[in-house]
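J.: Supplied structure: start-v3.cif, mmCIF, C-alpha atoms and all ligand atoms.
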data_upload
loop_
_atom_site.label_atom_id
_atom_site.label_comp_id
_atom_site.auth_asym_id
_atom_site.auth_seq_id
_atom_site.Cartn_x
_atom_site.Cartn_y
_atom_site.Cartn_z
CA MET A 1 9.91 -12.27 -12.45
CA SER A 2 12.13 -11.11 -9.63
CA ALA A 3 15.14 -13.25 -8.80
CA VAL A 4 14.89 -12.71 -5.05
CA GLY A 5 11.93 -11.39 -3.14
CA ILE A 6 12.13 -10.35 0.50
CA SER A 7 8.79 -9.55 2.04
CA ASN A 8 8.39 -8.28 5.63
CA VAL A 9 11.23 -10.43 6.90
CA ALA A 10 12.06 -10.10 10.59
CA LYS A 11 14.63 -11.90 12.71
CA TYR A 12 15.06 -11.40 16.43
CA TYR A 13 17.89 -12.44 18.74
CA GLY A 14 16.26 -12.04 22.12
CA ARG A 15 14.84 -8.55 21.92
CA LEU A 16 17.31 -7.35 19.32
CA ALA A 17 15.81 -7.02 15.85
CA ALA A 18 18.65 -8.13 13.58
CA LEU A 19 16.11 -7.70 10.77
CA ALA A 20 13.05 -5.52 11.29
CA ASP A 21 10.48 -6.05 8.57
CA VAL A 22 12.73 -5.87 5.56
CA SER A 23 11.12 -5.84 2.12
CA LEU A 24 12.95 -5.59 -1.15
CA THR A 25 12.96 -7.09 -4.61
CA ILE A 26 16.05 -8.04 -6.57
CA GLN A 27 15.72 -8.28 -10.33
CA ASP A 28 17.05 -10.97 -12.61
CA GLY A 29 20.71 -10.38 -13.44
CA GLU A 30 21.01 -7.48 -11.06
CA PHE A 31 24.11 -6.75 -8.98
CA PHE A 32 22.50 -5.72 -5.72
CA GLY A 33 24.58 -4.22 -2.91
CA LEU A 34 23.68 -4.39 0.77
CA LEU A 35 25.56 -1.51 2.33
CA GLY A 36 25.65 -0.45 5.94
CA PRO A 37 27.63 -0.26 9.15
CA SER A 38 28.62 -3.28 11.16
CA GLY A 39 25.64 -4.75 12.99
CA GLY A 40 23.14 -3.36 10.46
CA GLY A 41 21.71 -6.76 9.57
CA LYS A 42 23.38 -7.34 6.20
CA THR A 43 24.80 -10.77 7.01
CA THR A 44 21.58 -11.86 8.70
CA LEU A 45 19.64 -10.97 5.55
CA LEU A 46 22.10 -12.77 3.28
CA ARG A 47 22.12 -15.85 5.52
CA SER A 48 18.33 -15.82 5.55
CA ILE A 49 18.33 -15.97 1.75
CA ALA A 50 20.87 -18.79 1.89
CA GLY A 51 18.93 -20.71 4.53
CA PHE A 52 21.45 -20.59 7.39
CA VAL A 53 19.16 -18.27 9.32
CA GLU A 54 15.46 -18.93 9.71
CA PRO A 55 13.47 -15.68 9.86
CA ASP A 56 10.81 -15.32 12.54
CA ARG A 57 8.43 -13.66 10.10
CA GLY A 58 8.04 -12.85 6.46
CA GLU A 59 8.62 -14.57 3.17
CA ILE A 60 11.66 -15.08 0.96
CA THR A 61 11.33 -16.19 -2.63
CA ILE A 62 13.97 -17.27 -5.13
CA ALA A 63 12.86 -17.25 -8.76
CA GLY A 64 9.30 -16.82 -7.56
CA LYS A 65 9.24 -19.81 -5.20
CA THR A 66 8.95 -19.56 -1.43
CA VAL A 67 12.09 -21.05 0.11
CA SER A 68 11.09 -21.36 3.77
CA ASN A 69 10.87 -25.15 3.57
CA ILE A 70 13.72 -25.65 1.13
CA PRO A 71 17.05 -26.73 2.65
CA ILE A 72 20.25 -24.82 1.94
CA ASN A 73 21.62 -27.25 -0.62
CA LYS A 74 18.38 -27.15 -2.65
CA ARG A 75 18.08 -23.36 -2.84
CA ASP A 76 20.10 -23.04 -6.02
CA ILE A 77 22.51 -20.46 -4.66
CA GLY A 78 26.27 -19.95 -4.82
CA MET A 79 28.07 -18.43 -1.87
CA MET A 80 31.32 -16.74 -1.15
CA PHE A 81 32.16 -15.40 2.29
CA GLN A 82 35.26 -13.72 3.61
CA ASN A 83 35.99 -16.68 5.88
CA TYR A 84 34.58 -19.32 3.56
CA ALA A 85 37.92 -21.03 3.05
CA LEU A 86 39.00 -23.29 0.24
CA PHE A 87 39.71 -26.93 1.10
CA PRO A 88 43.50 -26.90 1.67
CA HIS A 89 44.05 -30.59 0.87
CA LEU A 90 42.20 -30.46 -2.46
CA THR A 91 43.65 -29.13 -5.71
CA VAL A 92 42.29 -26.03 -7.40
CA ALA A 93 40.31 -28.21 -9.82
CA GLU A 94 38.93 -30.38 -7.00
CA ASN A 95 37.93 -27.29 -5.04
CA ILE A 96 36.04 -25.85 -7.97
CA GLY A 97 34.44 -29.17 -8.84
CA PHE A 98 33.53 -30.03 -5.26
CA GLY A 99 29.87 -29.04 -5.45
CA LEU A 100 29.43 -31.09 -8.62
CA SER A 101 31.20 -34.15 -7.15
CA VAL A 102 28.90 -34.24 -4.14
CA ARG A 103 26.01 -34.04 -6.59
CA HIS A 104 27.51 -37.11 -8.32
CA ARG A 105 27.85 -35.47 -11.70
CA PRO A 106 29.80 -37.49 -14.29
CA LYS A 107 33.59 -36.97 -14.23
CA SER A 108 33.70 -35.72 -17.82
CA GLU A 109 31.03 -33.11 -17.12
CA ILE A 110 32.90 -31.92 -14.01
CA ALA A 111 36.18 -31.67 -15.92
CA GLU A 112 34.54 -29.63 -18.66
CA ARG A 113 32.82 -27.33 -16.21
CA VAL A 114 36.02 -26.80 -14.20
CA ARG A 115 37.91 -26.00 -17.40
CA HIS A 116 35.29 -23.43 -18.36
CA LEU A 117 35.27 -21.83 -14.89
CA LEU A 118 39.07 -21.63 -14.76
CA GLU A 119 38.96 -19.82 -18.05
CA LEU A 120 36.28 -17.49 -16.72
CA VAL A 121 38.40 -16.52 -13.68
CA ARG A 122 41.58 -16.49 -15.78
CA LEU A 123 43.34 -19.31 -13.96
CA SER A 124 43.67 -21.90 -16.73
CA GLY A 125 46.75 -24.01 -16.14
CA PHE A 126 46.56 -23.88 -12.35
CA GLU A 127 44.19 -26.85 -11.88
CA ALA A 128 46.74 -29.13 -10.17
CA ARG A 129 47.96 -26.61 -7.60
CA LYS A 130 46.93 -26.52 -3.97
CA PRO A 131 45.29 -23.34 -2.62
CA LYS A 132 48.37 -22.58 -0.48
CA GLN A 133 50.43 -22.22 -3.65
CA MET A 134 48.16 -19.46 -4.92
CA SER A 135 48.11 -15.75 -4.05
CA GLY A 136 45.28 -14.17 -2.04
CA GLY A 137 43.66 -12.75 -5.15
CA GLN A 138 43.90 -16.08 -6.97
CA GLN A 139 42.33 -17.89 -4.03
CA GLN A 140 39.42 -15.43 -4.19
CA ARG A 141 38.95 -16.23 -7.86
CA ILE A 142 38.98 -19.94 -7.10
CA ALA A 143 36.35 -19.39 -4.42
CA LEU A 144 34.28 -17.45 -6.94
CA ALA A 145 34.62 -20.24 -9.51
CA ARG A 146 33.56 -22.74 -6.85
CA ALA A 147 30.52 -20.60 -5.97
CA LEU A 148 29.52 -20.56 -9.64
CA SER A 149 30.20 -24.24 -10.30
CA THR A 150 26.66 -25.56 -9.94
CA ASN A 151 25.30 -22.78 -12.15
CA PRO A 152 23.19 -21.31 -9.36
CA LYS A 153 20.36 -18.82 -9.86
CA VAL A 154 21.70 -16.41 -7.26
CA LEU A 155 25.20 -15.59 -6.07
CA LEU A 156 25.50 -14.45 -2.45
CA LEU A 157 28.69 -12.63 -1.49
CA ASP A 158 29.39 -11.50 2.08
CA GLU A 159 32.31 -9.07 2.16
CA PRO A 160 34.27 -11.47 -0.03
CA LEU A 161 37.09 -9.00 -0.64
CA GLY A 162 37.35 -7.78 2.93
CA ALA A 163 40.64 -9.57 3.66
CA LEU A 164 42.48 -8.20 0.62
CA ASP A 165 44.64 -5.09 0.62
CA LYS A 166 43.32 -1.97 -1.11
CA LYS A 167 45.00 -2.36 -4.48
CA LEU A 168 44.17 -6.03 -4.86
CA ARG A 169 40.63 -5.37 -3.66
CA GLU A 170 40.12 -2.78 -6.39
CA GLU A 171 41.42 -5.20 -9.02
CA MET A 172 39.12 -7.92 -7.74
CA GLN A 173 36.12 -5.56 -7.73
CA PHE A 174 36.73 -4.91 -11.39
CA GLU A 175 37.08 -8.62 -12.18
CA LEU A 176 34.11 -9.60 -10.10
CA LYS A 177 31.91 -7.11 -11.93
CA GLN A 178 33.20 -8.31 -15.29
CA ILE A 179 32.60 -11.97 -14.45
CA GLN A 180 29.15 -11.21 -13.06
CA ARG A 181 28.24 -9.43 -16.31
CA GLU A 182 29.65 -12.24 -18.39
CA VAL A 183 27.69 -14.90 -16.50
CA GLY A 184 24.66 -12.63 -16.04
CA ILE A 185 24.02 -14.05 -12.61
CA THR A 186 21.84 -12.25 -10.06
CA THR A 187 24.21 -11.22 -7.28
CA VAL A 188 23.64 -10.00 -3.74
CA PHE A 189 26.76 -8.41 -2.36
CA VAL A 190 27.30 -7.37 1.25
CA THR A 191 29.79 -4.64 2.06
CA HIS A 192 30.38 -1.88 4.60
CA ASP A 193 32.62 -0.08 2.09
CA GLN A 194 30.75 2.70 0.30
CA GLU A 195 33.18 2.94 -2.58
CA GLU A 196 32.92 -0.79 -3.19
CA ALA A 197 29.13 -0.58 -3.18
CA LEU A 198 29.16 2.39 -5.57
CA THR A 199 31.60 0.74 -7.97
CA LEU A 200 29.86 -2.61 -8.19
CA SER A 201 26.15 -2.22 -7.64
CA ASP A 202 23.31 -1.67 -10.07
CA ARG A 203 21.23 -0.85 -7.02
CA ILE A 204 22.04 -0.50 -3.35
CA ALA A 205 20.00 -1.00 -0.19
CA ILE A 206 21.35 1.02 2.71
CA MET A 207 20.82 -1.01 5.87
CA ASN A 208 20.95 0.28 9.40
CA LYS A 209 19.77 -1.27 12.67
CA GLY A 210 18.01 -4.11 10.91
CA GLY A 211 16.04 -1.87 8.58
CA VAL A 212 16.39 -0.58 5.03
CA GLU A 213 16.99 3.18 4.95
CA GLN A 214 16.84 3.56 1.18
CA ILE A 215 16.97 1.52 -2.01
CA GLY A 216 18.12 2.97 -5.30
CA SER A 217 20.85 3.24 -7.89
CA PRO A 218 24.16 4.55 -6.54
CA ARG A 219 23.46 7.85 -8.27
CA GLU A 220 19.92 8.16 -6.92
CA ILE A 221 21.02 7.56 -3.35
CA TYR A 222 24.03 9.82 -3.67
CA GLU A 223 22.15 12.72 -5.29
CA ARG A 224 18.84 12.30 -3.47
CA PRO A 225 19.45 10.70 -0.08
CA ARG A 226 16.23 10.38 1.87
CA THR A 227 17.71 10.22 5.35
CA ALA A 228 20.62 11.89 7.11
CA PHE A 229 22.04 8.44 7.69
CA ALA A 230 21.95 7.52 3.99
CA ALA A 231 23.47 10.91 3.10
CA SER A 232 26.41 10.47 5.42
CA PHE A 233 26.94 6.74 4.91
CA LEU A 234 27.14 7.01 1.14
CA GLY A 235 29.53 9.91 0.63
CA THR A 236 30.11 13.00 2.77
CA ALA A 237 27.36 15.45 3.59
CA ASN A 238 27.02 18.83 5.26
CA PHE A 239 23.88 19.20 7.31
CA PHE A 240 21.95 22.39 7.94
CA GLU A 241 19.21 22.35 10.54
CA GLY A 242 16.66 25.10 10.47
CA VAL A 243 13.03 26.11 10.32
CA VAL A 244 11.00 26.58 7.15
CA SER A 245 9.97 30.22 6.84
CA GLY A 246 7.99 30.17 3.61
CA ARG A 247 7.89 29.12 -0.02
CA SER A 248 7.76 31.15 -3.21
CA ASP A 249 8.88 30.80 -6.83
CA GLY A 250 9.48 27.10 -6.30
CA LEU A 251 11.91 27.70 -3.46
CA THR A 252 11.54 26.80 0.20
CA ARG A 253 13.29 29.21 2.55
CA ILE A 254 15.04 27.69 5.58
CA GLU A 255 16.10 29.97 8.37
CA LEU A 256 19.22 28.82 10.15
CA PRO A 257 19.74 29.41 13.91
CA ASP A 258 22.47 31.98 13.22
CA GLY A 259 20.10 34.17 11.19
CA GLN A 260 21.39 33.18 7.73
CA ALA A 261 18.91 31.61 5.34
CA ILE A 262 19.24 28.96 2.64
CA PHE A 263 16.88 27.77 -0.08
CA THR A 264 15.88 24.39 -1.41
CA THR A 265 13.65 23.31 -4.27
CA ASP A 266 12.31 20.53 -2.02
CA GLU A 267 8.99 21.24 -0.36
CA ALA A 268 8.17 21.46 3.34
CA PRO A 269 5.42 23.24 5.27
CA ALA A 270 6.10 26.61 6.92
CA GLY A 271 7.22 26.23 10.52
CA ALA A 272 8.60 22.73 10.02
CA LYS A 273 11.96 21.91 11.58
CA VAL A 274 14.04 20.44 8.78
CA THR A 275 17.48 19.00 8.08
CA ALA A 276 19.06 19.81 4.74
CA ALA A 277 22.04 17.96 3.28
CA VAL A 278 24.55 19.45 0.84
CA ARG A 279 27.41 17.50 -0.75
CA PRO A 280 30.86 19.12 -0.32
CA GLU A 281 31.59 19.17 -4.06
CA LYS A 282 28.41 21.12 -4.81
CA LEU A 283 29.75 24.10 -2.86
CA LEU A 284 31.78 26.81 -4.55
CA ALA A 285 34.26 28.72 -2.44
CA GLY A 286 34.97 32.34 -3.33
CA PRO A 287 35.61 35.79 -1.94
CA PRO A 288 33.09 37.06 0.64
CA ARG A 289 29.75 38.23 -0.75
CA PRO A 290 27.98 40.35 1.78
CA GLU A 291 24.73 40.60 -0.19
CA ALA A 292 21.76 38.39 0.63
CA PRO A 293 21.25 35.15 -1.33
CA GLN A 294 19.78 35.70 -4.77
CA GLY A 295 17.33 33.50 -6.58
CA ARG A 296 18.36 29.89 -6.84
CA ILE A 297 21.87 30.39 -5.55
CA ASN A 298 22.55 29.90 -1.85
CA THR A 299 25.26 31.92 -0.15
CA ILE A 300 26.63 31.59 3.32
CA GLN A 301 29.61 33.34 4.82
CA GLY A 302 32.41 31.65 6.66
CA ARG A 303 36.04 31.47 7.57
CA VAL A 304 38.55 28.80 6.56
CA THR A 305 39.77 26.75 9.51
CA ALA A 306 41.65 23.95 7.76
CA GLU A 307 42.95 22.96 4.35
CA VAL A 308 43.88 19.43 3.27
CA PHE A 309 45.55 18.92 -0.09
CA THR A 310 44.65 15.55 -1.66
CA GLY A 311 46.16 15.99 -5.13
CA ASN A 312 43.21 16.26 -7.46
CA SER A 313 41.23 18.33 -4.98
CA VAL A 314 41.51 20.37 -1.81
CA THR A 315 39.29 19.83 1.19
CA TYR A 316 38.49 22.97 3.18
CA LYS A 317 36.87 23.09 6.57
CA VAL A 318 34.92 26.30 6.85
CA ASP A 319 33.53 27.74 10.03
CA ALA A 320 30.13 29.12 9.00
CA GLY A 321 27.97 30.36 11.83
CA ASP A 322 27.34 27.56 14.27
CA ARG A 323 28.65 24.76 12.08
CA THR A 324 31.71 23.53 10.25
CA VAL A 325 31.16 23.00 6.54
CA THR A 326 33.29 20.68 4.43
CA VAL A 327 34.04 21.84 0.89
CA PHE A 328 35.80 19.93 -1.90
CA VAL A 329 37.46 22.24 -4.41
CA GLN A 330 38.79 20.80 -7.67
CA ASN A 331 42.50 21.51 -8.10
CA ARG A 332 41.91 23.43 -11.33
CA THR A 333 43.34 26.92 -10.71
CA ASP A 334 45.94 28.53 -8.46
CA GLU A 335 43.23 29.96 -6.24
CA ARG A 336 43.84 29.02 -2.62
CA PHE A 337 42.25 30.03 0.62
CA GLY A 338 44.50 30.47 3.63
CA PRO A 339 43.75 29.80 7.26
CA ASN A 340 41.25 32.19 8.78
CA GLN A 341 40.44 33.75 5.40
CA ALA A 342 36.87 35.01 5.08
CA ILE A 343 35.07 33.35 2.17
CA ALA A 344 31.58 32.84 0.80
CA LEU A 345 30.17 29.45 -0.06
CA THR A 346 27.62 29.33 -2.85
CA TRP A 347 25.57 26.50 -4.29
CA GLU A 348 22.41 25.74 -6.23
CA ALA A 349 19.17 25.57 -4.25
CA PHE A 350 18.55 22.32 -6.14
CA HIS A 351 21.53 20.77 -4.35
CA THR A 352 20.01 21.39 -0.94
CA ILE A 353 18.30 18.11 -0.12
CA LEU A 354 15.78 17.81 2.68
CA VAL A 355 16.42 14.57 4.56
CA ALA A 356 14.73 12.81 7.45
CA ALA A 357 16.88 13.38 10.53
P1 LIG B 401 26.12 -6.92 9.64
O1 LIG B 401 26.39 -8.07 8.75
O2 LIG B 401 25.40 -5.79 8.97
O3 LIG B 401 27.34 -6.44 10.36
P2 LIG B 401 24.65 -8.83 11.24
O4 LIG B 401 23.53 -9.29 10.38
O5 LIG B 401 25.81 -9.73 11.37
O6 LIG B 401 25.10 -7.38 10.79
O7 LIG B 401 24.09 -8.58 12.70
C1 LIG B 401 22.94 -7.81 12.98
C2 LIG B 401 22.71 -7.80 14.47
O8 LIG B 401 22.31 -9.09 14.91
C3 LIG B 401 23.95 -7.46 15.28
O9 LIG B 401 23.58 -6.67 16.37
C4 LIG B 401 24.46 -8.82 15.72
O10 LIG B 401 25.18 -8.71 16.91
C5 LIG B 401 23.18 -9.60 15.89
N1 LIG B 401 23.36 -11.03 15.62
C6 LIG B 401 23.67 -11.59 14.44
N2 LIG B 401 23.74 -12.93 14.53
C7 LIG B 401 23.46 -13.24 15.83
C8 LIG B 401 23.37 -14.48 16.56
N3 LIG B 401 23.56 -15.67 15.97
N4 LIG B 401 23.06 -14.39 17.87
C9 LIG B 401 22.84 -13.20 18.47
N5 LIG B 401 22.91 -12.01 17.83
C10 LIG B 401 23.20 -12.02 16.54
MG MG B 402 28.25 -8.93 8.25
#
Show me, as structure tokens, the structure contained in the file I just sent.
T.:
Amino acid sequence: MSAVGISNVAKYYGRLAALADVSLTIQDGEFFGLLGPSGGGKTTLLRSIAGFVEPDRGEITIAGKTVSNIPINKRDIGMMFQNYALFPHLTVAENIGFGLSVRHRPKSEIAERVRHLLELVRLSGFEARKPKQMSGGQQQRIALARALSTNPKVLLLDEPLGALDKKLREEMQFELKQIQREVGITTVFVTHDQEEALTLSDRIAIMNKGGVEQIGSPREIYERPRTAFAASFLGTANFFEGVVSGRSDGLTRIELPDGQAIFTTDEAPAGAKVTAAVRPEKLLAGPPRPEAPQGRINTIQGRVTAEVFTGNSVTYKVDAGDRTVTVFVQNRTDERFGPNQAIALTWEAFHTILVAA
């Protein structure tokens, strides 16, 4: 049984579709990332699951049950939002136990649960402190413990680490993932940060303009993006636009406007206008190779226009015909390409991905 089911859910604000017929299924125990730019509909979807937003259409289920008529506090969810503050006047223990107190659970049960949760988030010994006396990262862990206190079926997290600085955020990502695994709780996590989504998620839905562009594992979406938007939102992509000029030996030939041609193993009918995406690390930079592309290896010629050294790799911008191509070169040898140097870029036809524009 799926933990959360979203079926044709739509939500309009006036004529704006904050959610336009979204359907997806989240499995039991899964860490599911909603990734997309600001305004994409991520928060609206999360708040619809929680019950703060009432969709205009569609059905949402939690553990197989329709939730449309179930109030927020009966939906069996835990929540943690960026601006979902702790109660400043309550102690750490009281904050964590709050949800259980309002449910009138016995004091001994609350104390035991709080003790367990403090251990889980590695804050044993801090129960009597006030939130103000804790660091930003510690406050996040308290908020997480509070979200887990009632043992909910689903944990909903809306950019919970957004306010933390980079280093602390990375630490918290690691901890969050560990705690999620330990508890085994189904988690829906909203972020606009691609690295965060890649690091944490079992699967990701890329959201844009109220719709889902693609759902898949981080690797699936990265290696086989279906749309230009997905390709460029998750990672960096070079795009080649051209016209299909035939297929043979399992390769589709794409003629570029500047007369060069590239090949892909993806299929498309002759004459079709297509967009192909190639990841910068799939490209090899080398000395110019005037000969035509051979077999499964693509070759295009270009000239280096910029070089950025980033330690473990070098990013080159290469002027190739009517486009600038980005290339990541591992810092493995002394080989360097200077400004304006003529080079050839080669890559496997298999790494040329046809995407919807
Ligand atoms: P995200 O979380 O991906 O940034 P949101 O779900 O917050 O996106 O918003 C999706 C779209 O819906 C945005 O264009 C936003 O301005 C609009 N929106 C969200 N909530 C409201 C609201 N209460 N009233 C009007 N418009 C809203
Ligand atoms: Mg949001």
J.: Extract, using all atoms listed in the file, all DNA, RNA and protein residues at most 8 Å from range 330-340 of chain A, discarding same-chain residues fewer than 4 positions from it, and format them as a count of residues only.
T.: 9
J.: Throw together the list of residues within 7 Å of ligand LIG 401 (chain B), counting only C-alpha atoms and all ligand atoms, and drop it here as a list in words.
T.: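 Taking only C-alpha atoms and all ligand atoms into account, the residues around ligand LIG 401 (chain B) at most 7 Å away are Tyr13, Leu16, Ala17, Ala18, Gly36, Pro37, Ser38, Gly39, Gly40, Gly41, Lys42, Thr43, Thr44, Leu45 and Gly210 of chain A.
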J.: For CA of Pro152 in chain A and CA of Ala50 in chain A, determine how far apart the two atoms are, in Å to one decimal place.
T.: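 Spanning CA of Pro152 in chain A to CA of Ala50 in chain A is a straight-line distance of 11.8 Å.
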J.: Between A:Val190, A:Leu19, A:Ala270, A:Leu156, single out the one closest to ligand MG 402 (chain B), counting all atoms listed in the file.
T.: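 Ranked by minimum distance to ligand MG 402 (chain B), first place goes to A:Val190.
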J.: Can you pull out every residue within 10 Å of Phe263 in chain A, counting only C-alpha atoms, but drop anything in the same chain fewer than 4 positions away, and send it as a ChimeraX atom specification?
T.: /A:244,246-247,250-255,276,293-299,347-353
J.: Restricted to C-alpha atoms, what would the selected residues look like written as a PDB file, in the coordinates of the input?
T.:
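Contents of the output file again25.pdb:
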ATOM      1  CA  VAL A 244      11.000  26.580   7.150  1.00  0.00           C
ATOM      2  CA  GLY A 246       7.990  30.170   3.610  1.00  0.00           C
ATOM      3  CA  ARG A 247       7.890  29.120  -0.020  1.00  0.00           C
ATOM      4  CA  GLY A 250       9.480  27.100  -6.300  1.00  0.00           C
ATOM      5  CA  LEU A 251      11.910  27.700  -3.460  1.00  0.00           C
ATOM      6  CA  THR A 252      11.540  26.800   0.200  1.00  0.00           C
ATOM      7  CA  ARG A 253      13.290  29.210   2.550  1.00  0.00           C
ATOM      8  CA  ILE A 254      15.040  27.690   5.580  1.00  0.00           C
ATOM      9  CA  GLU A 255      16.100  29.970   8.370  1.00  0.00           C
ATOM     10  CA  ALA A 276      19.060  19.810   4.740  1.00  0.00           C
ATOM     11  CA  PRO A 293      21.250  35.150  -1.330  1.00  0.00           C
ATOM     12  CA  GLN A 294      19.780  35.700  -4.770  1.00  0.00           C
ATOM     13  CA  GLY A 295      17.330  33.500  -6.580  1.00  0.00           C
ATOM     14  CA  ARG A 296      18.360  29.890  -6.840  1.00  0.00           C
ATOM     15  CA  ILE A 297      21.870  30.390  -5.550  1.00  0.00           C
ATOM     16  CA  ASN A 298      22.550  29.900  -1.850  1.00  0.00           C
ATOM     17  CA  THR A 299      25.260  31.920  -0.150  1.00  0.00           C
ATOM     18  CA  TRP A 347      25.570  26.500  -4.290  1.00  0.00           C
ATOM     19  CA  GLU A 348      22.410  25.740  -6.230  1.00  0.00           C
ATOM     20  CA  ALA A 349      19.170  25.570  -4.250  1.00  0.00           C
ATOM     21  CA  PHE A 350      18.550  22.320  -6.140  1.00  0.00           C
ATOM     22  CA  HIS A 351      21.530  20.770  -4.350  1.00  0.00           C
ATOM     23  CA  THR A 352      20.010  21.390  -0.940  1.00  0.00           C
ATOM     24  CA  ILE A 353      18.300  18.110  -0.120  1.00  0.00           C
TER      25      ILE A 353
END
J.: Counting all atoms listed in the file, which of A:Asn73, A:His104, A:Ser149, A:Asp193 gets nearest to ligand MG 402 (chain B)?
T.: A:Asp193
J.: Determine, counting only C-alpha atoms, which protein, DNA and RNA residues have an atom within 8 Å of an atom of Asp56 in chain A; residues of the same chain fewer than 6 positions away are not included. Present the result as a PyMOL selection string.
T.: chain A and resi 9-12
J.: Within 9 Å of Lys282 in chain A, counting only C-alpha atoms, which residues show up once you throw out same-chain ones fewer than 2 positions away? Write them as a list of chain:residue names, please.
T.: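 Once the adjacent positions are removed, what remains is A:Val278, A:Arg279, A:Pro280, A:Leu284, A:Val327, A:Phe328, A:Thr346, A:Trp347, A:Glu348, A:His351.
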J.: Write out as number ranges by chain which residues come within 7 Å of range 224-236 of chain A when counting all atoms listed in the file, dropping same-chain ones fewer than 4 positions away.
T.: A: 194, 206, 213-214, 220, 279-280, 353, 355-357
J.: For ligand MG 402 (chain B), which of A:Gln82, A:Gln139, A:Thr264, A:Thr315 is the closest residue, counting only C-alpha atoms and all ligand atoms?
T.: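 Selected residue with least distance to ligand MG 402 (chain B): A:Gln82.
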